[in-house]
Amino acid sequence: MYKHLVMMLVVGLVWVRTGSMAPVEAQTGTAATGEWTAAEWAKARRLSPLPPPPRDATNALADHDKAAELGHLLFFDPRLSPHGVSCATCHRPECGMTDGLPVGHTLAPVHRNTMTIVNSAYYRWLTWDGARDSLWHQAAGPIESPKEMGSSRLYVVRAVMQHYEQALKQIVELPSGWASMWRQLPPAGQPGEAAFDRLPPDRQAAVNRVFATILKCIAAYERKIVSAAAPFDRYVAGDSTALSLASRRGFQHFLRLACDTCHNTPLFSDDEFHNLG
Ligand code: HEC
Ligand code: HEC
């Protein structure tokens with residue numbers, strides 16, 4: 001008898017839970033897409049909510065708010081490039097942080113589609129081929145690429161000292177002697193170029209350190225660009241009006257076609273490599 005009561009209680013709870021978690025047609029009054037099955041709804045629950053980004057042990061400034069504020073300004077600042085190209089030239093907010101082009105193209109075509117930076121803080125491997133494994137280090141690539149920003153670490157540290165010295169000083173302690181050193185640095189250059197390679201090792205080290213700090217500020221900003229509380233998340237959380245009928249139908253196809261074999265986490269990605277043939 002006691003056992004039965006417990007069973008009824010459990011069944012009751014399960015019923016209440018599924019009742020409130022599968023709100024689609026019941027609450028919107030349309031049966032056009034059919035009800036979610038329990039299995040479908042369980043799959044939806046695997047795709048939301050998005051947790052906070054994982055800790056980044058390679059970046060001491062990852063969750064430093066002032067670093068993120070400075071990173072935000074730097075991301076949009078064309079003065080970091082002698083050609084006036086910023087990160088945001090290709091990662092444009094109005095295009096979901098990409099550029100709307102088949103392949104990225106500023107100073108020359110880069111032969112790859114510009115990825116979004118939304119949720120980039122979650123990925124173990126960055127860029128299409130996974131060539132970068134930390135967010136802050138990734139940012140050095142476009143800065144020093146002659147096809148993208150056509151800039152260099154010497155150019156960038158000087159530009160940041162000229163325009164953001166106070167902000168930078170509030171975030172980290174700058175290398176000793178830096179206050180007088182940076183003004184004497186050549187205007188541009190990176191490893192492999194004479195202007196940088198001819199500098200004494202202590203100057204090279206100081207430049208690298210300040211450059212890394214700048215990249216870490218940019219990464220701290222990128223960590224804030226996440227897709228949490230997107231319409232899909234609100235829908236899964238119980239707001240049945242968050243997705244249109246077309247979107248709900250699309251999601252049903254997505255599940256029935258087993259797209260979530262690979263697009264199977266709140267990032268809609270398994271963060272793995274697949275040979276799609
Ligand atoms: C010329 C256009 C262009 C510029 C400028 C540019 N990017 Fe990108 N970005 C791309 C392209 C193209 C990719 C894909 C690269 C690849 O696969 O090698 C990419 C990839 C990325 C990724 C990887 C995303 C992921 O999920 O793997 C991040 C992060 C990123 N860019 C940040 C930046 C930052 C920060 C800057 C400025 C310092 C910047 N980008 C400047 C075009 C650009
Ligand atoms: C076997 C694993 C797998 C399955 C199943 C799969 N995808 Fe993908 N999907 C990928 C991979 C890998 C990429 C990246 C493709 C590339 O690099 O060219 C991708 C890319 C995409 C993109 C482009 C994302 C972007 O940011 O540019 C979309 C959209 C997409 N898939 C939708 C779907 C849909 C819809 C289905 C179901 C009909 C599906 N995928 C099934 C692995 C898969």
# chains A, B, ... in the order shown; residues from 1 in each chain; ligands from 1

$ residues_around --residues "Leu74 of chain A" --least-positions-apart "6" --cutoff "9 Å" --atoms "only C-alpha atoms" --output "list in words"
Leu80, Ser86, Cys87, Val160, Ile214, Cys217 and Ile218 of chain A

$ residues_near_ligand --ligand "ligand 2" --cutoff "10 Å" --atoms "only C-alpha atoms and all ligand atoms" --output "PyMOL selection string"
chain A and resi 98+112-116+127-129+250-251+253-264+268-277

$ write_last_selection --atoms "N, CA and C atoms" --output "compact mmCIF listing (two decimals), in the first residue's frame"
# COMPACT_ATOMS: atom_id res chain seq x y z
N THR A 98 30.08 37.99 -37.82
CA THR A 98 30.84 37.54 -38.97
C THR A 98 30.67 38.64 -40.03
N ARG A 112 38.96 31.60 -46.46
CA ARG A 112 38.14 30.87 -45.49
C ARG A 112 36.97 31.74 -45.08
N ASN A 113 35.88 31.08 -44.74
CA ASN A 113 34.71 31.79 -44.26
C ASN A 113 35.00 32.35 -42.86
N THR A 114 34.59 33.60 -42.63
CA THR A 114 34.80 34.23 -41.33
C THR A 114 33.89 33.59 -40.30
N MET A 115 34.47 33.02 -39.26
CA MET A 115 33.66 32.37 -38.22
C MET A 115 33.08 33.44 -37.30
N THR A 116 32.00 33.09 -36.63
CA THR A 116 31.50 34.02 -35.62
C THR A 116 32.40 33.94 -34.38
N THR A 127 39.33 28.22 -34.90
CA THR A 127 39.43 28.30 -36.36
C THR A 127 38.97 26.99 -37.01
N TRP A 128 38.70 27.04 -38.31
CA TRP A 128 38.09 25.89 -38.99
C TRP A 128 38.93 24.63 -38.85
N ASP A 129 40.25 24.76 -38.86
CA ASP A 129 41.10 23.57 -38.78
C ASP A 129 41.62 23.32 -37.37
N GLY A 250 11.00 23.67 -37.75
CA GLY A 250 12.40 23.47 -38.13
C GLY A 250 13.14 22.65 -37.08
N PHE A 251 12.85 22.95 -35.83
CA PHE A 251 13.52 22.21 -34.76
C PHE A 251 13.09 20.74 -34.79
N HIS A 253 12.25 19.05 -37.46
CA HIS A 253 13.01 18.42 -38.55
C HIS A 253 14.45 18.17 -38.11
N PHE A 254 15.01 19.15 -37.43
CA PHE A 254 16.39 19.05 -36.94
C PHE A 254 16.57 17.78 -36.11
N LEU A 255 15.59 17.52 -35.24
CA LEU A 255 15.68 16.31 -34.40
C LEU A 255 15.41 15.05 -35.21
N ARG A 256 14.39 15.12 -36.06
CA ARG A 256 14.01 13.90 -36.79
C ARG A 256 15.07 13.51 -37.82
N LEU A 257 15.81 14.50 -38.33
CA LEU A 257 16.89 14.20 -39.28
C LEU A 257 18.21 13.89 -38.55
N ALA A 258 18.13 13.89 -37.22
CA ALA A 258 19.30 13.53 -36.39
C ALA A 258 20.48 14.47 -36.57
N CYS A 259 20.17 15.74 -36.85
CA CYS A 259 21.24 16.74 -36.90
C CYS A 259 21.97 16.79 -35.55
N ASP A 260 21.23 16.45 -34.49
CA ASP A 260 21.85 16.53 -33.16
C ASP A 260 22.75 15.32 -32.87
N THR A 261 23.03 14.51 -33.88
CA THR A 261 24.10 13.53 -33.71
C THR A 261 25.41 14.28 -33.47
N CYS A 262 25.60 15.36 -34.22
CA CYS A 262 26.83 16.16 -34.09
C CYS A 262 26.56 17.52 -33.45
N HIS A 263 25.45 18.13 -33.79
CA HIS A 263 25.10 19.45 -33.23
C HIS A 263 24.34 19.17 -31.93
N ASN A 264 25.06 18.73 -30.90
CA ASN A 264 24.40 18.03 -29.80
C ASN A 264 24.64 18.59 -28.40
N PHE A 268 25.31 23.84 -29.89
CA PHE A 268 24.90 23.22 -31.15
C PHE A 268 26.13 22.70 -31.91
N SER A 269 27.08 22.23 -31.14
CA SER A 269 28.30 21.65 -31.72
C SER A 269 28.87 20.66 -30.72
N ASP A 270 29.49 19.60 -31.21
CA ASP A 270 30.17 18.67 -30.30
C ASP A 270 31.64 19.02 -30.15
N ASP A 271 32.09 20.12 -30.82
CA ASP A 271 33.47 20.58 -30.72
C ASP A 271 34.45 19.48 -31.15
N GLU A 272 34.04 18.68 -32.11
CA GLU A 272 34.91 17.63 -32.64
C GLU A 272 35.10 17.85 -34.14
N PHE A 273 36.04 17.15 -34.73
CA PHE A 273 36.25 17.20 -36.18
C PHE A 273 35.52 16.03 -36.83
N HIS A 274 34.88 16.30 -37.96
CA HIS A 274 34.19 15.24 -38.69
C HIS A 274 34.61 15.28 -40.14
N ASN A 275 34.81 14.13 -40.72
CA ASN A 275 35.05 14.06 -42.16
C ASN A 275 33.69 13.89 -42.82
N LEU A 276 33.21 14.97 -43.44
CA LEU A 276 31.86 14.94 -43.99
C LEU A 276 31.85 14.43 -45.43
N GLY A 277 33.03 14.11 -45.97
CA GLY A 277 33.06 13.53 -47.31
C GLY A 277 32.77 14.55 -48.39

$ closest_residue --among "A:Leu61, A:Val157, A:Ile143, A:Ala68" --to "ligand 1" --atoms "only C-alpha atoms and all ligand atoms"
A:Ile143

$ select_by_dssp --residues "segment 96-205 of chain A" --states "helix (DSSP H, G or I)" --output "ChimeraX atom specification"
/A:120-122,135-138,140-144,153-171,178-184,194-197,201-205

$ residues_around --residues "Val226 of chain A" --least-positions-apart "6" --cutoff "9 Å" --atoms "only C-alpha atoms" --output "tab-separated table (two decimals) with all heavy atoms, in the first residue's frame"
chain	number	residue	atom	x	y	z
A	50	LEU	N	22.75	27.11	-21.90
A	50	LEU	CA	24.20	27.22	-22.06
A	50	LEU	C	24.82	27.58	-20.71
A	50	LEU	O	24.46	28.60	-20.12
A	50	LEU	CB	24.49	28.32	-23.08
A	50	LEU	CG	25.94	28.54	-23.52
A	50	LEU	CD1	26.44	27.35	-24.34
A	50	LEU	CD2	26.05	29.82	-24.35
A	52	PRO	N	27.93	28.90	-18.07
A	52	PRO	CA	28.96	29.93	-18.28
A	52	PRO	C	30.19	29.32	-18.96
A	52	PRO	O	30.39	28.11	-18.87
A	52	PRO	CB	29.32	30.39	-16.86
A	52	PRO	CG	28.30	29.81	-15.95
A	52	PRO	CD	27.68	28.65	-16.65
A	53	PRO	N	31.00	30.13	-19.65
A	53	PRO	CA	32.18	29.58	-20.33
A	53	PRO	C	33.11	28.88	-19.34
A	53	PRO	O	33.20	29.30	-18.18
A	53	PRO	CB	32.88	30.80	-20.92
A	53	PRO	CG	31.89	31.90	-20.90
A	53	PRO	CD	30.91	31.59	-19.82
A	117	ILE	N	32.42	34.99	-33.57
A	117	ILE	CA	33.12	34.88	-32.28
A	117	ILE	C	32.12	34.60	-31.16
A	117	ILE	O	32.52	34.46	-30.00
A	117	ILE	CB	33.96	36.13	-31.95
A	117	ILE	CG1	33.07	37.36	-31.83
A	117	ILE	CG2	35.07	36.34	-32.95
A	117	ILE	CD1	33.59	38.35	-30.79
A	118	VAL	N	30.82	34.53	-31.50
A	118	VAL	CA	29.83	34.20	-30.48
A	118	VAL	C	30.17	32.81	-29.93
A	118	VAL	O	30.39	31.87	-30.69
A	118	VAL	CB	28.40	34.20	-31.07
A	118	VAL	CG1	27.39	33.75	-30.02
A	118	VAL	CG2	28.04	35.57	-31.62
A	119	ASN	N	30.27	32.70	-28.61
A	119	ASN	CA	30.56	31.42	-27.93
A	119	ASN	C	31.98	30.91	-28.18
A	119	ASN	O	32.28	29.76	-27.85
A	119	ASN	CB	29.57	30.32	-28.32
A	119	ASN	CG	28.15	30.65	-27.88
A	119	ASN	OD1	27.96	31.47	-26.99
A	119	ASN	ND2	27.17	30.03	-28.50
A	120	SER	N	32.87	31.75	-28.73
A	120	SER	CA	34.22	31.24	-29.01
A	120	SER	C	34.95	30.85	-27.71
A	120	SER	O	35.89	30.06	-27.75
A	120	SER	CB	35.04	32.25	-29.82
A	120	SER	OG	35.07	33.49	-29.18
A	121	ALA	N	34.51	31.38	-26.57
A	121	ALA	CA	35.17	31.05	-25.29
A	121	ALA	C	34.96	29.60	-24.88
A	121	ALA	O	35.63	29.12	-23.96
A	121	ALA	CB	34.64	31.96	-24.19

$ atom_distance --atom1 "atom CA of Trp125 of chain A" --atom2 "atom 31 (N, counted along the ligand's line) of ligand 1"
12.0 Å

$ atom_distance --atom1 "atom CA of Leu47 of chain A" --atom2 "atom CA of Thr265 of chain A"
4.8 Å

$ closest_residue --among "A:Trp41, A:Phe211, A:Phe232, A:Phe196" --to "ligand 1" --atoms "only C-alpha atoms and all ligand atoms"
A:Phe211

$ closest_residue --among "A:Leu245, A:Ala139, A:Met149, A:Met161" --to "Ala108 of chain A" --atoms "only C-alpha atoms"
A:Met149

$ residues_around --residues "His83 of chain A" --least-positions-apart "2" --cutoff "10 Å" --atoms "only C-alpha atoms" --output "ChimeraX atom specification"
/A:78-81,85-86,106-107,148-151

$ write_last_selection --atoms "C-alpha atoms" --output "PDB file, in the first residue's frame"
ATOM      1  CA  PRO A  78      40.872  50.466 -36.525  1.00  0.00           C
ATOM      2  CA  ARG A  79      43.918  52.315 -35.103  1.00  0.00           C
ATOM      3  CA  LEU A  80      45.464  48.943 -34.246  1.00  0.00           C
ATOM      4  CA  SER A  81      46.177  48.528 -37.959  1.00  0.00           C
ATOM      5  CA  VAL A  85      41.210  47.316 -40.262  1.00  0.00           C
ATOM      6  CA  SER A  86      39.805  46.205 -36.898  1.00  0.00           C
ATOM      7  CA  THR A 106      40.035  42.947 -46.111  1.00  0.00           C
ATOM      8  CA  LEU A 107      43.544  43.506 -47.519  1.00  0.00           C
ATOM      9  CA  GLU A 148      43.836  40.601 -42.567  1.00  0.00           C
ATOM     10  CA  MET A 149      44.913  43.591 -40.451  1.00  0.00           C
ATOM     11  CA  GLY A 150      48.416  43.992 -41.891  1.00  0.00           C
ATOM     12  CA  SER A 151      49.657  45.125 -38.487  1.00  0.00           C
TER      13      SER A 151
END

$ closest_residue --among "A:Ala220, A:Ile225, A:Leu243, A:Val110" --to "Leu70 of chain A" --atoms "only C-alpha atoms"
A:Ala220

$ closest_residue --among "A:Pro49, A:Pro186, A:Gly71, A:Gly96" --to "Glu222 of chain A" --atoms "only C-alpha atoms"
A:Gly71

$ closest_residue --among "A:Ala44, A:Trp136, A:Thr89, A:Pro109" --to "Arg223 of chain A" --atoms "only C-alpha atoms"
A:Trp136
